[in-house]
Amino acid sequence: MRFDVFTLFPETIEPYLQSSILKRASERELVEFCVHNIRDWATDKHHVTDDEPYGGGGGMVMKVEPIFASVEDVVGTPPACPVILLTPQGRLFTQEMAHELAAQPRLAMIAGRYEGLDERVRQHLVTDEISIGDYVLTGGEIPALVLIDAVTRLLPGVLGDPDAPQKDSHAESLLEHPHYTRPAEFRGWGVPDVLRSGDHARVNRWRREQSLRRTWERRPELLKEASLTAEERAYLAHLAQDEEQKMPKKL
């Protein structure tokens, strides 16, 4: 799979791509990362890529010409792959969307800056708009890395454990269970006995129950999308009943 990222600040992206799992995936040719500096397609002497907005107001707006020129030069006219704009106005990124994007052989991403970019990019070049959350960042580089990281780990062969993506938080609309490693005791805090029992059936049951409990406590809305057995639904009902019993009685 190939990722093409179009940005004004490639130096903010490249170091992360050269570390850990992403670096190993690239070295094994499971994925290709291509970071393009939009300034390279500016035609004036000073490589200007932004200008004052029509209608006045504060801030600067990224110019339409270098963005179109860079994307079309790299991915074709019309673009031969999805062109994603990272923007707070886009659809909220989820694990399900990561799986959808992982099915693509190539993705192009535009990282905006300043007050935004010329609306004609959004209207006539971009094919999708994605947000990583309801907050504002300095630019789209961090969101681009979020998408790259989430999608890359889903590609076959990237992770050492082929089942790892299915065990991650949100993979089944559930948060992940707690993890422990050595030492068995630290400052009087021990590891649950079940994890040291050697009984894999008990361990798996404990982990599933902890995953259900953690999701119920922290992100209960996710349970609406989770595929649960009758036994698991009964377990959640038991948790709710216990919680209700702990609440003070109204006089």
# chains A, B, ... in the order shown; residues from 1 in each chain; ligands from 1
$ select_by_dssp --residues "range 44-164 of chain A" --states "helix (DSSP H, G or I)" --output "PyMOL selection string"
chain A and resi 64-75+95-102+119-124+141-152+164
$ write_last_selection --atoms "C-alpha atoms" --output "short mmCIF file (atom, residue, chain, number, x, y, z; two decimals), in the first residue's frame"
data_model
loop_
_atom_site.label_atom_id
_atom_site.label_comp_id
_atom_site.auth_asym_id
_atom_site.auth_seq_id
_atom_site.Cartn_x
_atom_site.Cartn_y
_atom_site.Cartn_z
CA VAL A 64 -5.44 26.54 -4.85
CA GLU A 65 -2.83 26.30 -7.64
CA PRO A 66 0.08 24.56 -5.85
CA ILE A 67 -2.25 22.09 -4.14
CA PHE A 68 -3.89 21.06 -7.42
CA ALA A 69 -0.52 20.95 -9.20
CA SER A 70 1.13 18.77 -6.56
CA VAL A 71 -1.71 16.26 -6.22
CA GLU A 72 -2.38 15.95 -9.94
CA ASP A 73 1.31 15.64 -10.76
CA VAL A 74 1.75 12.79 -8.28
CA VAL A 75 -1.54 10.87 -8.43
CA GLN A 95 -11.67 1.82 13.47
CA GLU A 96 -14.28 0.77 10.92
CA MET A 97 -13.08 3.53 8.59
CA ALA A 98 -9.49 2.38 9.11
CA HIS A 99 -10.50 -1.05 7.80
CA GLU A 100 -12.22 0.57 4.81
CA LEU A 101 -9.12 2.60 3.95
CA ALA A 102 -6.83 -0.42 4.44
CA GLU A 119 -12.64 26.02 -1.02
CA ARG A 120 -12.13 24.95 -4.64
CA VAL A 121 -9.74 22.24 -3.42
CA ARG A 122 -12.54 20.84 -1.27
CA GLN A 123 -15.08 21.10 -4.07
CA HIS A 124 -13.10 19.81 -7.05
CA GLU A 141 0.04 16.62 9.72
CA ILE A 142 -0.78 14.92 13.03
CA PRO A 143 -4.18 13.72 11.76
CA ALA A 144 -2.44 12.35 8.65
CA LEU A 145 -0.08 10.36 10.86
CA VAL A 146 -3.02 9.06 12.88
CA LEU A 147 -4.63 7.68 9.71
CA ILE A 148 -1.35 6.22 8.45
CA ASP A 149 -0.63 4.50 11.76
CA ALA A 150 -4.15 3.11 12.20
CA VAL A 151 -4.37 1.84 8.62
CA THR A 152 -0.83 0.46 8.34
CA ALA A 164 -3.30 -8.51 16.87
#
$ residues_around --residues "Phe6 in chain A" --least-positions-apart "4" --cutoff "10 Å" --atoms "only C-alpha atoms" --output "list in words"
Pro10, Cys34, Val35, His36, Asn37, Ile38, Arg39, Ile67, Ser70, Val71, Val74, Leu85, Ala108, Met109, Ile110, Ala111, Gly112, Gly140, Glu141 and Ala144 of chain A
$ write_last_selection --atoms "C-alpha atoms" --output "PDB file, in the first residue's frame"
ATOM      1  CA  PRO A  10       7.260  17.479   5.609  1.00  0.00           C
ATOM      2  CA  CYS A  34       5.793   9.403   0.111  1.00  0.00           C
ATOM      3  CA  VAL A  35       5.772  12.882   1.643  1.00  0.00           C
ATOM      4  CA  HIS A  36       5.495  15.804  -0.775  1.00  0.00           C
ATOM      5  CA  ASN A  37       6.226  19.455  -0.052  1.00  0.00           C
ATOM      6  CA  ILE A  38       3.475  21.531  -1.667  1.00  0.00           C
ATOM      7  CA  ARG A  39       5.912  24.454  -1.926  1.00  0.00           C
ATOM      8  CA  ILE A  67      -2.253  22.088  -4.137  1.00  0.00           C
ATOM      9  CA  SER A  70       1.126  18.766  -6.555  1.00  0.00           C
ATOM     10  CA  VAL A  71      -1.713  16.259  -6.219  1.00  0.00           C
ATOM     11  CA  VAL A  74       1.751  12.793  -8.278  1.00  0.00           C
ATOM     12  CA  LEU A  85      -8.505  16.241   3.330  1.00  0.00           C
ATOM     13  CA  ALA A 108      -3.450  10.570  -0.867  1.00  0.00           C
ATOM     14  CA  MET A 109      -3.831  12.996   2.037  1.00  0.00           C
ATOM     15  CA  ILE A 110      -3.741  16.774   2.149  1.00  0.00           C
ATOM     16  CA  ALA A 111      -2.630  18.385   5.410  1.00  0.00           C
ATOM     17  CA  GLY A 112      -4.083  21.865   5.677  1.00  0.00           C
ATOM     18  CA  GLY A 140      -3.305  18.377   9.321  1.00  0.00           C
ATOM     19  CA  GLU A 141       0.039  16.616   9.723  1.00  0.00           C
ATOM     20  CA  ALA A 144      -2.442  12.353   8.650  1.00  0.00           C
TER      21      ALA A 144
END
$ select_by_dssp --residues "range 57-168 of chain A" --states "strand (DSSP E)" --output "ChimeraX atom specification"
/A:61-62,83-92,106-111,128-131
$ write_last_selection --atoms "C-alpha atoms" --output "compact mmCIF listing (two decimals), in the first residue's frame"
# COMPACT_ATOMS: atom_id res chain seq x y z
CA VAL A 61 -5.49 30.76 3.20
CA MET A 62 -3.59 28.06 1.30
CA VAL A 83 -7.76 12.14 -1.93
CA ILE A 84 -8.44 12.80 1.74
CA LEU A 85 -8.50 16.24 3.33
CA LEU A 86 -7.73 16.21 7.07
CA THR A 87 -10.15 18.73 8.52
CA PRO A 88 -12.29 19.24 11.66
CA GLN A 89 -15.26 19.45 9.27
CA GLY A 90 -14.81 15.87 8.05
CA ARG A 91 -16.47 12.64 9.15
CA LEU A 92 -15.11 11.34 12.43
CA ARG A 106 -3.16 3.83 -2.39
CA LEU A 107 -4.26 6.88 -0.42
CA ALA A 108 -3.45 10.57 -0.87
CA MET A 109 -3.83 13.00 2.04
CA ILE A 110 -3.74 16.77 2.15
CA ALA A 111 -2.63 18.38 5.41
CA ASP A 128 -13.20 12.53 1.26
CA GLU A 129 -12.87 14.67 4.37
CA ILE A 130 -11.85 13.11 7.70
CA SER A 131 -11.54 14.48 11.23
$ closest_residue --among "A:Thr12, A:Asp242, A:Gly56, A:Arg196" --to "Arg182 in chain A" --atoms "only C-alpha atoms"
A:Arg196
$ closest_residue --among "A:Glu231, A:Leu174, A:Arg113, A:Val194" --to "Arg218 in chain A" --atoms "only C-alpha atoms"
A:Leu174
$ residues_around --residues "Ala234 in chain A" --least-positions-apart "6" --cutoff "12 Å" --atoms "only C-alpha atoms" --output "list in words"
Glu209, Leu212, Leu228, Ala240 and Gln241 of chain A
$ write_last_selection --atoms "N, CA and C atoms" --output "compact mmCIF listing (two decimals), in the first residue's frame"
# COMPACT_ATOMS: atom_id res chain seq x y z
N GLU A 209 -14.32 -10.58 30.11
CA GLU A 209 -15.15 -9.89 31.10
C GLU A 209 -14.58 -8.53 31.46
N LEU A 212 -15.40 -6.17 28.65
CA LEU A 212 -16.80 -5.75 28.74
C LEU A 212 -16.99 -4.73 29.86
N LEU A 228 -22.38 -9.41 20.92
CA LEU A 228 -22.31 -10.02 22.24
C LEU A 228 -23.15 -11.28 22.31
N ALA A 240 -24.84 -3.75 35.77
CA ALA A 240 -25.76 -2.64 35.93
C ALA A 240 -26.59 -2.80 37.21
N GLN A 241 -26.98 -4.04 37.50
CA GLN A 241 -27.76 -4.30 38.71
C GLN A 241 -26.94 -4.00 39.96
$ atom_distance --atom1 "CA of Glu27 in chain A" --atom2 "CA of Leu159 in chain A"
13.4 Å
$ closest_residue --among "A:Pro105, A:Gly188, A:Pro78, A:Gly116" --to "Asp51 in chain A" --atoms "only C-alpha atoms"
A:Gly116
$ closest_residue --among "A:Gln104, A:Thr215, A:Ser173, A:Ser19" --to "Leu155 in chain A" --atoms "only C-alpha atoms"
A:Gln104
$ decode --residues "range 103-116 of chain A" --atoms "N, CA and C atoms" --output "PDB file, in the first residue's frame"
ATOM      1  N   ALA A 103      -8.283  -1.282   2.692  1.00  0.00           N
ATOM      2  CA  ALA A 103      -8.591  -2.061   1.496  1.00  0.00           C
ATOM      3  C   ALA A 103      -8.155  -1.357   0.216  1.00  0.00           C
ATOM      4  N   GLN A 104      -7.754  -0.099   0.342  1.00  0.00           N
ATOM      5  CA  GLN A 104      -7.302   0.666  -0.828  1.00  0.00           C
ATOM      6  C   GLN A 104      -5.822   0.388  -1.108  1.00  0.00           C
ATOM      7  N   PRO A 105      -5.421   0.302  -2.364  1.00  0.00           N
ATOM      8  CA  PRO A 105      -3.995   0.122  -2.664  1.00  0.00           C
ATOM      9  C   PRO A 105      -3.181   1.395  -2.491  1.00  0.00           C
ATOM     10  N   ARG A 106      -3.876   2.553  -2.482  1.00  0.00           N
ATOM     11  CA  ARG A 106      -3.155   3.827  -2.392  1.00  0.00           C
ATOM     12  C   ARG A 106      -4.078   4.885  -1.821  1.00  0.00           C
ATOM     13  N   LEU A 107      -3.513   5.764  -0.989  1.00  0.00           N
ATOM     14  CA  LEU A 107      -4.261   6.879  -0.423  1.00  0.00           C
ATOM     15  C   LEU A 107      -3.433   8.151  -0.535  1.00  0.00           C
ATOM     16  N   ALA A 108      -4.092   9.254  -0.877  1.00  0.00           N
ATOM     17  CA  ALA A 108      -3.450  10.570  -0.867  1.00  0.00           C
ATOM     18  C   ALA A 108      -4.111  11.408   0.209  1.00  0.00           C
ATOM     19  N   MET A 109      -3.301  12.175   0.949  1.00  0.00           N
ATOM     20  CA  MET A 109      -3.831  12.996   2.037  1.00  0.00           C
ATOM     21  C   MET A 109      -3.275  14.412   1.940  1.00  0.00           C
ATOM     22  N   ILE A 110      -4.144  15.368   2.153  1.00  0.00           N
ATOM     23  CA  ILE A 110      -3.741  16.774   2.149  1.00  0.00           C
ATOM     24  C   ILE A 110      -3.813  17.298   3.572  1.00  0.00           C
ATOM     25  N   ALA A 111      -2.692  17.817   4.063  1.00  0.00           N
ATOM     26  CA  ALA A 111      -2.630  18.385   5.410  1.00  0.00           C
ATOM     27  C   ALA A 111      -2.756  19.902   5.299  1.00  0.00           C
ATOM     28  N   GLY A 112      -3.865  20.426   5.754  1.00  0.00           N
ATOM     29  CA  GLY A 112      -4.083  21.865   5.677  1.00  0.00           C
ATOM     30  C   GLY A 112      -3.315  22.613   6.753  1.00  0.00           C
ATOM     31  N   ARG A 113      -3.204  23.918   6.568  1.00  0.00           N
ATOM     32  CA  ARG A 113      -2.543  24.809   7.536  1.00  0.00           C
ATOM     33  C   ARG A 113      -3.244  26.160   7.524  1.00  0.00           C
ATOM     34  N   TYR A 114      -2.827  27.019   8.458  1.00  0.00           N
ATOM     35  CA  TYR A 114      -3.324  28.384   8.573  1.00  0.00           C
ATOM     36  C   TYR A 114      -4.833  28.381   8.822  1.00  0.00           C
ATOM     37  N   GLU A 115      -5.565  29.311   8.178  1.00  0.00           N
ATOM     38  CA  GLU A 115      -7.014  29.378   8.362  1.00  0.00           C
ATOM     39  C   GLU A 115      -7.756  28.321   7.550  1.00  0.00           C
ATOM     40  N   GLY A 116      -7.024  27.604   6.722  1.00  0.00           N
ATOM     41  CA  GLY A 116      -7.650  26.592   5.870  1.00  0.00           C
ATOM     42  C   GLY A 116      -7.117  26.705   4.463  1.00  0.00           C
TER      43      GLY A 116
END
